[in-house]
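Peer 1: What follows is the file start.txt, containing compact mmCIF, C-alpha atoms:
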```
# COMPACT_ATOMS: atom_id res chain seq x y z
CA MET A 286 63.33 -44.69 3.70
CA LYS A 287 65.12 -45.12 0.35
CA ASP A 288 63.45 -43.24 -2.47
CA THR A 289 64.42 -45.77 -5.13
CA ALA A 290 63.83 -49.50 -5.51
CA THR A 291 65.08 -52.30 -7.74
CA LEU A 292 62.48 -54.03 -9.90
CA THR A 293 62.90 -57.45 -11.46
CA ILE A 294 60.46 -58.07 -14.31
CA ARG A 295 60.19 -61.65 -15.55
CA ASN A 296 58.83 -62.97 -18.86
CA VAL A 297 59.19 -59.78 -20.88
CA PRO A 298 58.61 -60.75 -24.55
CA MET A 299 61.77 -60.55 -26.66
CA ARG A 300 60.09 -58.19 -29.16
CA ILE A 301 59.60 -55.70 -26.28
CA VAL A 302 63.24 -56.07 -25.20
CA ARG A 303 64.41 -55.54 -28.80
CA GLY A 304 62.13 -52.49 -29.09
CA LEU A 305 63.50 -51.01 -25.86
CA LYS A 306 67.11 -51.61 -26.98
CA SER A 307 66.40 -49.97 -30.31
CA LEU A 308 64.64 -46.98 -28.66
CA ALA A 309 67.51 -46.52 -26.19
CA LYS A 310 70.11 -46.69 -28.98
CA ARG A 311 68.25 -44.09 -31.05
CA ARG A 312 68.13 -41.74 -28.07
CA GLY A 313 71.72 -42.46 -27.02
CA ARG A 314 70.71 -43.73 -23.59
CA SER A 315 70.95 -46.98 -21.67
CA MET A 316 68.03 -49.39 -21.79
CA GLU A 317 67.71 -49.09 -18.01
CA GLN A 318 67.30 -45.30 -18.29
CA GLU A 319 64.77 -45.77 -21.07
CA VAL A 320 62.68 -48.13 -18.88
CA ARG A 321 62.91 -45.74 -15.90
CA ASP A 322 61.70 -42.82 -18.04
CA LEU A 323 58.87 -44.82 -19.59
CA LEU A 324 57.65 -45.95 -16.16
CA GLU A 325 57.84 -42.39 -14.81
CA GLU A 326 55.98 -40.95 -17.80
CA HIS A 327 53.25 -43.58 -17.43
CA VAL A 328 52.73 -42.98 -13.71
CA ALA A 329 52.86 -39.18 -14.07
CA GLU A 330 50.40 -39.28 -16.96
CA ARG A 331 47.23 -38.97 -14.89
CA SER A 332 48.38 -35.77 -13.15
CA SER A 333 49.18 -34.25 -16.50
CA VAL A 334 45.77 -35.23 -17.93
CA LEU A 335 43.96 -33.77 -14.90
CA ARG A 336 45.71 -30.41 -15.43
CA GLN A 337 44.85 -30.51 -19.15
CA ILE A 338 41.21 -31.23 -18.31
CA GLU A 339 41.17 -28.26 -15.93
CA ALA A 340 42.56 -26.02 -18.67
CA SER A 341 39.81 -27.24 -21.01
CA TRP A 342 37.05 -25.89 -18.73
CA ASP A 343 37.75 -22.44 -20.21
CA ARG A 344 36.55 -23.71 -23.59
CA GLN A 345 33.10 -24.50 -22.15
CA SER A 346 30.29 -21.92 -22.03
CA ARG A 347 29.83 -22.78 -18.33
CA ARG A 348 30.55 -25.46 -15.75
CA PRO A 349 27.46 -27.67 -15.32
CA SER A 350 26.01 -28.52 -11.92
CA ALA A 351 26.12 -31.95 -10.34
CA ALA A 352 22.35 -32.27 -10.78
CA GLU A 353 22.67 -31.60 -14.52
CA ILE A 354 25.38 -34.22 -14.96
CA ASP A 355 23.42 -36.74 -12.90
CA SER A 356 20.46 -36.19 -15.21
CA TRP A 357 22.69 -36.65 -18.26
CA ILE A 358 24.00 -39.97 -16.90
CA ALA A 359 20.43 -41.03 -16.15
CA ALA A 360 19.26 -39.91 -19.63
CA GLY A 361 21.01 -42.89 -21.15
CA ARG A 362 19.13 -45.20 -18.86
CA GLU A 363 15.61 -44.08 -19.78
CA MET B 202 45.57 -47.51 -3.76
CA ARG B 203 43.32 -49.67 -5.97
CA LEU B 204 39.72 -48.42 -6.25
CA VAL B 205 36.51 -48.60 -8.25
CA VAL B 206 35.24 -45.30 -9.63
CA ASP B 207 31.70 -44.23 -10.49
CA THR B 208 31.04 -42.36 -13.74
CA ASN B 209 29.96 -39.25 -11.83
CA VAL B 210 33.45 -38.79 -10.31
CA VAL B 211 35.08 -38.69 -13.75
CA ALA B 212 32.25 -36.61 -15.28
CA TYR B 213 32.26 -33.97 -12.53
CA HIS B 214 35.96 -33.38 -13.05
CA LEU B 215 35.84 -33.58 -16.83
CA LEU B 216 33.25 -30.78 -17.01
CA GLY B 217 34.44 -28.85 -13.94
CA THR B 218 31.36 -29.20 -11.78
CA PRO B 219 31.52 -26.51 -9.10
CA ARG B 220 32.12 -27.77 -5.53
CA PHE B 221 32.90 -31.33 -6.70
CA ALA B 222 35.62 -31.10 -9.37
CA ALA B 223 38.44 -30.45 -6.89
CA GLU B 224 37.43 -33.41 -4.73
CA ALA B 225 37.26 -35.63 -7.81
CA ALA B 226 40.69 -34.42 -8.97
CA ALA B 227 42.30 -35.15 -5.59
CA PHE B 228 40.87 -38.66 -5.67
CA LEU B 229 41.90 -39.35 -9.27
CA GLU B 230 45.39 -38.04 -8.58
CA ASP B 231 45.94 -40.25 -5.52
CA ALA B 232 44.48 -43.50 -6.87
CA GLU B 233 47.13 -45.81 -8.27
CA GLU B 234 44.82 -48.19 -10.08
CA ILE B 235 41.22 -47.38 -11.04
CA LEU B 236 38.62 -49.87 -12.24
CA ALA B 237 35.03 -49.48 -13.44
CA PRO B 238 32.45 -51.67 -15.17
CA ALA B 239 32.66 -51.08 -18.94
CA LEU B 240 29.28 -49.30 -18.63
CA TRP B 241 31.17 -46.16 -17.52
CA GLU B 242 32.39 -45.61 -21.08
CA ALA B 243 28.85 -45.39 -22.50
CA GLU B 244 27.67 -43.24 -19.59
CA LEU B 245 30.53 -40.79 -19.95
CA ALA B 246 30.15 -40.53 -23.71
CA ASN B 247 26.45 -39.82 -23.12
CA VAL B 248 27.32 -37.05 -20.64
CA ILE B 249 29.61 -35.43 -23.22
CA TRP B 250 26.89 -35.67 -25.87
CA MET B 251 24.34 -34.14 -23.52
CA ALA B 252 26.80 -31.37 -22.60
CA VAL B 253 26.99 -30.48 -26.31
CA ARG B 254 23.19 -30.57 -26.63
CA ALA B 255 22.85 -28.32 -23.57
CA GLY B 256 25.25 -25.78 -25.08
CA VAL B 257 27.86 -26.34 -22.37
CA LEU B 258 30.45 -27.75 -24.73
CA PRO B 259 31.19 -26.84 -28.37
CA ALA B 260 30.76 -29.97 -30.52
CA GLN B 261 34.37 -29.71 -31.73
CA GLU B 262 35.57 -30.05 -28.10
CA ALA B 263 33.66 -33.30 -27.47
CA PRO B 264 36.23 -35.74 -28.94
CA ALA B 265 39.00 -34.09 -26.86
CA LYS B 266 37.00 -34.68 -23.67
CA LEU B 267 36.69 -38.34 -24.55
CA ALA B 268 40.42 -38.50 -25.27
CA PHE B 269 41.17 -36.99 -21.84
CA ALA B 270 38.93 -39.60 -20.19
CA THR B 271 40.72 -42.39 -22.05
CA ARG B 272 44.07 -41.15 -20.77
CA LEU B 273 42.95 -41.29 -17.13
CA GLY B 274 43.77 -45.00 -17.29
CA VAL B 275 40.49 -46.36 -15.92
CA GLN B 276 40.46 -50.12 -16.45
CA SER B 277 37.13 -51.22 -17.91
CA VAL B 278 35.81 -54.53 -16.59
CA PRO B 279 33.43 -56.46 -18.89
CA ILE B 280 29.81 -56.19 -17.77
CA ARG B 281 29.26 -59.89 -18.49
CA SER B 282 31.60 -60.78 -15.63
CA LEU B 283 29.50 -58.70 -13.21
CA TRP B 284 25.90 -58.86 -14.37
CA HIS B 285 24.82 -61.95 -12.45
CA GLY B 286 25.99 -60.58 -9.11
CA ALA B 287 24.66 -57.12 -9.96
CA LEU B 288 21.24 -58.51 -10.81
CA VAL B 289 21.06 -60.43 -7.52
CA ARG B 290 21.96 -57.23 -5.63
CA SER B 291 19.30 -55.26 -7.48
CA LEU B 292 16.68 -57.90 -6.75
CA GLN B 293 17.56 -57.64 -3.06
CA SER B 294 17.53 -53.84 -3.00
CA SER B 295 15.78 -51.00 -4.79
CA VAL B 296 18.96 -50.02 -6.64
CA ALA B 297 19.12 -50.33 -10.43
CA VAL B 298 21.52 -52.76 -12.10
CA TYR B 299 23.30 -49.78 -13.69
CA ASP B 300 24.47 -48.91 -10.18
CA THR B 301 24.88 -52.38 -8.68
CA LEU B 302 27.37 -53.23 -11.43
CA PHE B 303 29.76 -50.80 -9.71
CA ILE B 304 28.96 -52.26 -6.27
CA GLU B 305 29.43 -55.80 -7.51
CA LEU B 306 32.86 -54.93 -8.94
CA ALA B 307 33.95 -53.26 -5.70
CA ASP B 308 32.82 -56.21 -3.61
CA ARG B 309 34.32 -58.82 -5.92
CA GLU B 310 37.71 -57.08 -5.93
CA ARG B 311 37.51 -56.21 -2.19
CA LEU B 312 37.75 -52.52 -3.07
CA THR B 313 35.89 -49.31 -2.26
CA LEU B 314 33.66 -47.58 -4.80
CA ALA B 315 34.25 -43.82 -5.04
CA THR B 316 30.95 -42.12 -5.87
CA PHE B 317 29.03 -38.89 -5.34
CA ASP B 318 25.73 -40.80 -5.48
CA ARG B 319 24.20 -40.33 -2.02
CA LYS B 320 21.54 -43.01 -2.55
CA LEU B 321 24.18 -45.56 -3.49
CA ILE B 322 26.30 -44.67 -0.45
CA GLN B 323 23.23 -44.98 1.74
CA ALA B 324 22.28 -48.36 0.27
CA PHE B 325 25.80 -49.83 0.39
CA PRO B 326 27.69 -47.92 3.10
CA ALA B 327 30.38 -50.59 3.53
CA LEU B 328 31.34 -50.50 -0.14
CA ALA B 329 30.52 -47.03 -1.48
CA LYS B 330 32.01 -43.77 -0.18
CA ARG B 331 32.50 -40.18 -1.26
CA PRO B 332 36.00 -39.64 -2.69
CA ARG B 333 37.08 -37.40 0.20
CA GLU B 334 36.12 -40.11 2.70
CA ILE B 335 38.38 -42.76 1.18
```
Turn the structure described in the file into structure tokens.
Peer 2:
Amino acid sequence: MKDTATLTIRNVPMRIVRGLKSLAKRRGRSMEQEVRDLLEEHVAERSSVLRQIEASWDRQSRRPSAAEIDSWIAAGRE
Amino acid sequence: MRLVVDTNVVAYHLLGTPRFAAEAAAFLEDAEEILAPALWEAELANVIWMAVRAGVLPAQEAPAKLAFATRLGVQSVPIRSLWHGALVRSLQSSVAVYDTLFIELADRERLTLATFDRKLIQAFPALAKRPREI
């Protein structure tokens, strides 16, 4: 299976196209490369956030139990 | 994969709940598009507040937790678009509207709800599952 695909995106507002052209020019890259990188950054974002969350557990005094969190969710409903 | 997520899945990972955080992380990593009724935002903010009150989280860390949750990319669906169906489901079951909002969204979008809530899974087995079972 190919590991790349070609996307055709219709009805992109002109202000977005102008912004992408300007961004690509500032970075000395093609607009196509700019779009590829932006899409990759967006999709990879969640993995990165999950790792950052895991690193943040060290800044807690402890890791709460499921029962505690359930009670905290329920606390807003009482 | 497109899925609906319960607040507990995000909260267990956000605060590193032993025995559940890894399962929640695997689910959140694999899901391509995640939806939840807008209620999840208030519930999660309440969990963070309670974690500060319980001495689990320093108050100065609380806004960062909320920022992490924002960046998970969960799409919030307005409650108003779900409340009629959720109310009907609650009237037909013993499950609170807070929970049937999630079930209603899953059913409407023909998706599965990922939750650690055993009662919800038991009440709606066709729609609600534990993350590792999806």
Peer 1: For region 256-262 of chain B, please output as a PyMOL selection string all residues within 10 Å (counting only C-alpha atoms; exclusion window: fewer than 3 positions along the same chain).
Peer 2: (chain A and resi 341-342+344-349) or (chain B and resi 216+249-253+265-267)
Peer 1: With all atoms listed in the file as the atoms that count, which of B:Leu288, B:Ala297, B:Leu328, B:Leu283 lies nearest to chain A?
Peer 2: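 That would be B:Ala297, the residue with the smallest distance to chain A.
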Peer 1: Work out how far CA of Ala270 (chain B) is from CA of Glu242 (chain B), in Å to one decimal.
Peer 2: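 These atoms are spaced 8.9 Å apart.
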Peer 1: Go through A:Ala340, A:Leu308, A:Val334, A:Met316 and flag the residue nearest chain B, using all atoms listed in the file for the distances.
Peer 2: A:Val334
Peer 1: To one decimal place in Å, what is the distance between CA of Ile358 (chain A) and CA of Asn247 (chain B)?
Peer 2: 6.7 Å
Peer 1: Select, from B:Trp241, B:Phe228, B:Phe269, B:Trp284, the residue with the minimum atom-to-atom distance to chain A, counting all atoms listed in the file.
Peer 2: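 Distance minimum relative to chain A lands on B:Phe269.
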Peer 1: Report, in Å to a single decimal, how far apart CA of Ala309 (chain A) and CA of Leu335 (chain A) are.
Peer 2: 29.1 Å
Peer 1: Which residues of chain B come within 6 Å of chain A, and what is each one's closest atom pair and distance in Å (one decimal), counting only C-alpha atoms, sorted by chain and residue number, as JSON lines?
Peer 2:
```
{"residue": "B:Gly217", "atom": "CA", "partner": "A:Arg348", "partner_atom": "CA", "distance": 5.5}
{"residue": "B:Thr218", "atom": "CA", "partner": "A:Ser350", "partner_atom": "CA", "distance": 5.4}
{"residue": "B:Glu230", "atom": "CA", "partner": "A:Ser332", "partner_atom": "CA", "distance": 5.9}
{"residue": "B:Glu244", "atom": "CA", "partner": "A:Ile358", "partner_atom": "CA", "distance": 5.6}
{"residue": "B:Val248", "atom": "CA", "partner": "A:Trp357", "partner_atom": "CA", "distance": 5.2}
{"residue": "B:Val257", "atom": "CA", "partner": "A:Ser346", "partner_atom": "CA", "distance": 5.1}
{"residue": "B:Leu258", "atom": "CA", "partner": "A:Gln345", "partner_atom": "CA", "distance": 4.9}
{"residue": "B:Leu273", "atom": "CA", "partner": "A:Arg331", "partner_atom": "CA", "distance": 5.4}
```
Peer 1: With all atoms listed in the file as the counted atoms, please give the residues lying no more than 9 Å from Ser277 (chain B), apart from itself and same-chain residues fewer than 6 positions off, as a ChimeraX atom specification.
Peer 2: /B:235-242
Peer 1: Of the candidates B:Val206, B:Ala225, B:Ala327, B:Leu245, which one gets nearest to Ala268 (chain B) if we count only C-alpha atoms?
Peer 2: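 Of all the options, B:Leu245 lies closest to Ala268 (chain B).
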Peer 1: Could you give me, as a JSON list (two decimals) with C-alpha atoms, in the coordinates of the input, the residues that have an atom at most 7 Å away from the point (32.8, -37.5, -3.6) in the coordinates of the file, using only C-alpha atoms?
Peer 2:
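The resulting file, result01.json, is reproduced below:
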```json
[["chain", "number", "residue", "atom", "x", "y", "z"],
["B", 210, "VAL", "CA", 33.45, -38.79, -10.31],
["B", 221, "PHE", "CA", 32.90, -31.33, -6.70],
["B", 224, "GLU", "CA", 37.43, -33.41, -4.73],
["B", 225, "ALA", "CA", 37.26, -35.63, -7.81],
["B", 315, "ALA", "CA", 34.25, -43.82, -5.04],
["B", 316, "THR", "CA", 30.95, -42.12, -5.87],
["B", 317, "PHE", "CA", 29.03, -38.89, -5.34],
["B", 331, "ARG", "CA", 32.50, -40.18, -1.26],
["B", 332, "PRO", "CA", 36.00, -39.64, -2.69],
["B", 333, "ARG", "CA", 37.08, -37.40, 0.20]]
```
Peer 1: Find the axis-aligned box for region 258-270 of chain B, covering all its listed atoms and adding 6 Å on each side, and write its centre and edge lengths in Å to one decimal as JSON.
Peer 2:
```
{"center_x": 35.8, "center_y": -33.2, "center_z": -26.0, "size_x": 22.7, "size_y": 24.8, "size_z": 23.5}
```
